[in-house]
Amino acid sequence: MHHTAPRVAMVTGATGAIGSAIAAGIAACPDFELVLACRDGHKAARTAERIVAGGGGRRVRCEIVDVSRRTAVEALAARWRGPLHVLVNNAAVTPTRREETPDGIERQFATNVLGYLWMIQAFADILSRSAPARVVNVASWWAGDLDPDDLQFTRRRYDNNLAYRQSKQADRMLTVAFAERLAPLGVTVNACHPGEVPSALSRNLGFHGHHTPEEGARTPVWLATQPVGGTLTGRYFADCREARCQFAGDRAGIEALFAACLLF
């Protein structure tokens with residue numbers, strides 16, 4: 001009897017409310033091997049145990065990485081062995097005060113935007129060798145207010161809600177930029193709005209959410225595991241269907257943002 005090799009999926013920020021639900025949803029699909037990419041090793045191990053105990057298969061492992069640090073992302077890619085078929089960029093933070101990473105980058109921009117960019121860059125060759133492969137960028141409908149001249153809130157007064165909206169607009173714009181660049185390599189890149197789930201992140205923003213984690217994870221899991229996520233590229237989805245993205249048509253803005261992010 002012929003057994004196909006499992007498809008390997010990695011989820012960043014996999015210990016949070018939505019991230020762990022995305023990870024569990026993917027693990028519940030047959031023929032998937034799951035990698036939890038997390039900052040905290042203890043939380044990662046507990047999340048992996050819960051997923052396995054919940055019937056999510058035995059092929060679950062953890063990789064420790066802080067996606068707000070480019071060196072950490074590149075180290076993860078350097079030690080990676082084997083294929084990667086699905087990358088779900090989900091890690092995000094919403095600190096209530098302006099903070100900087102040890103590299104001197106505003107933390108929300110470093111995690112929510114550059115973390116996505118660095119993960120795609122670092123794993124582009126691995127994804128292309130594993131093709132057909134796909135990237136799912138967890139973004140949000142709560143997006144806007146991007147100031148290309150003040151990406152790190154050095155001029156504007158830092159407001160975590162404003163910074164979050166900017167980061168999610170940037171994620172949706174970078175999705176379009178990467179979709180075009182990776183299409184020839186057999187890699188699709190799509191963005192989505194997950195459901196609104198009560199979490200530490202949403203509480204920091206003053207939102208309380210009205211979806212369960214499983215409901216919130218439904219669209220990212222659908223894009224990660226179902227044919228649509230490997231067929232369409234450069235699109236934005238909500239509620240398991242394509243939605244209009246008001247930022248996708250700003251070609252000049254997309255390219256300017258992409259160029260600016262490459263400087264970090």
# chains A, B, ... in the order shown; residues from 1 in each chain; ligands from 1
>>> closest_atom_pairs(of="stretch 86-147 of chain A", to="stretch 153-171 of chain A", cutoff="6 Å", atoms="only C-alpha atoms", output="tab-separated table")
residue	atom	partner	partner_atom	distance
A:Thr94	CA	A:Asn160	CA	5.9
A:Thr96	CA	A:Asn160	CA	5.5
A:Arg98	CA	A:Tyr158	CA	5.9
A:Asn112	CA	A:Ser167	CA	5.9
A:Val113	CA	A:Ser167	CA	5.7
A:Ala139	CA	A:Lys168	CA	5.2
A:Ser140	CA	A:Lys168	CA	5.8
A:Trp142	CA	A:Arg165	CA	5.7
A:Ala143	CA	A:Arg165	CA	4.1
A:Gly144	CA	A:Arg165	CA	5.2
A:Asp145	CA	A:Gln166	CA	5.4
A:Leu146	CA	A:Gln166	CA	4.5
>>> write_last_selection(atoms="C-alpha atoms", output="compact mmCIF listing (two decimals), in the first residue's frame")
# COMPACT_ATOMS: atom_id res chain seq x y z
CA THR A 94 0.25 44.61 20.85
CA THR A 96 0.54 49.01 25.33
CA ARG A 98 6.28 51.69 22.72
CA ASN A 112 3.79 41.81 13.16
CA VAL A 113 5.35 43.02 9.91
CA ALA A 139 -3.90 39.80 8.90
CA SER A 140 -7.11 41.59 9.91
CA TRP A 142 -8.83 46.14 11.38
CA ALA A 143 -6.20 47.69 9.12
CA GLY A 144 -5.21 51.15 7.96
CA ASP A 145 -3.37 54.34 8.98
CA LEU A 146 -0.06 53.20 7.52
>>> select_by_dssp(residues="stretch 32-173 of chain A", states="strand (DSSP E)", output="list in words")
Phe32, Glu33, Leu34, Val35, Leu36, Ala37, Cys38, Val60, Arg61, Cys62, Glu63, Ile64, Val86, Leu87, Val88, Asn89, Ala133, Arg134, Val135, Val136, Asn137 and Val138 of chain A
>>> write_last_selection(atoms="C-alpha atoms", output="mmCIF file, in the first residue's frame")
data_model
loop_
_atom_site.group_PDB
_atom_site.id
_atom_site.type_symbol
_atom_site.label_atom_id
_atom_site.label_comp_id
_atom_site.auth_asym_id
_atom_site.auth_seq_id
_atom_site.Cartn_x
_atom_site.Cartn_y
_atom_site.Cartn_z
ATOM 1 C CA PHE A 32 -0.101 16.847 7.987
ATOM 2 C CA GLU A 33 3.014 17.166 10.097
ATOM 3 C CA LEU A 34 2.901 20.248 12.326
ATOM 4 C CA VAL A 35 5.667 22.510 13.561
ATOM 5 C CA LEU A 36 4.887 25.022 16.302
ATOM 6 C CA ALA A 37 7.205 28.039 15.983
ATOM 7 C CA CYS A 38 7.157 29.851 19.332
ATOM 8 C CA VAL A 60 3.809 17.616 16.215
ATOM 9 C CA ARG A 61 7.119 19.253 17.075
ATOM 10 C CA CYS A 62 8.309 22.632 18.321
ATOM 11 C CA GLU A 63 10.885 25.118 17.114
ATOM 12 C CA ILE A 64 11.887 28.015 19.329
ATOM 13 C CA VAL A 86 2.698 25.509 4.435
ATOM 14 C CA LEU A 87 3.908 28.555 6.364
ATOM 15 C CA VAL A 88 1.297 30.298 8.503
ATOM 16 C CA ASN A 89 2.532 33.690 9.676
ATOM 17 C CA ALA A 133 3.688 25.287 -1.319
ATOM 18 C CA ARG A 134 1.791 28.138 0.250
ATOM 19 C CA VAL A 135 2.039 31.006 2.737
ATOM 20 C CA VAL A 136 -0.920 32.187 4.811
ATOM 21 C CA ASN A 137 -0.536 35.614 6.398
ATOM 22 C CA VAL A 138 -2.944 36.139 9.278
#
>>> closest_residue(among="A:Arg235, A:Arg107, A:Arg59, A:His193", to="A:Ala217", atoms="only C-alpha atoms")
A:His193
>>> select_by_dssp(residues="stretch 96-233 of chain A", states="alpha helix (DSSP H)", output="MDAnalysis selection string")
chainID A and resid 107:109 115:129 160:182 200:205 213:225 228:231
>>> residues_around(residues="A:Pro194", least_positions_apart="3", cutoff="10 Å", atoms="only C-alpha atoms", output="list of chain:residue names")
A:Ile18, A:Ile22, A:Val138, A:Ala139, A:Ser140, A:Trp141, A:Ala191, A:Val197, A:His211, A:Pro213, A:Glu215, A:Gly216, A:Ala217, A:Arg218, A:Thr219, A:Pro220, A:Val221, A:Phe237, A:Ala238, A:Asp239, A:Cys240
>>> residues_around(residues="stretch 255-260 of chain A", least_positions_apart="4", cutoff="10 Å", atoms="only C-alpha atoms", output="ChimeraX atom specification")
/A:117,146-149,151,170,173-178,250-251,264
>>> atom_distance(atom1="atom CA of A:Val52", atom2="atom CA of A:Trp222")
20.2 Å
>>> closest_residue(among="A:Thr188, A:Thr212, A:Gln108, A:Thr231", to="A:Ala92", atoms="only C-alpha atoms")
A:Gln108
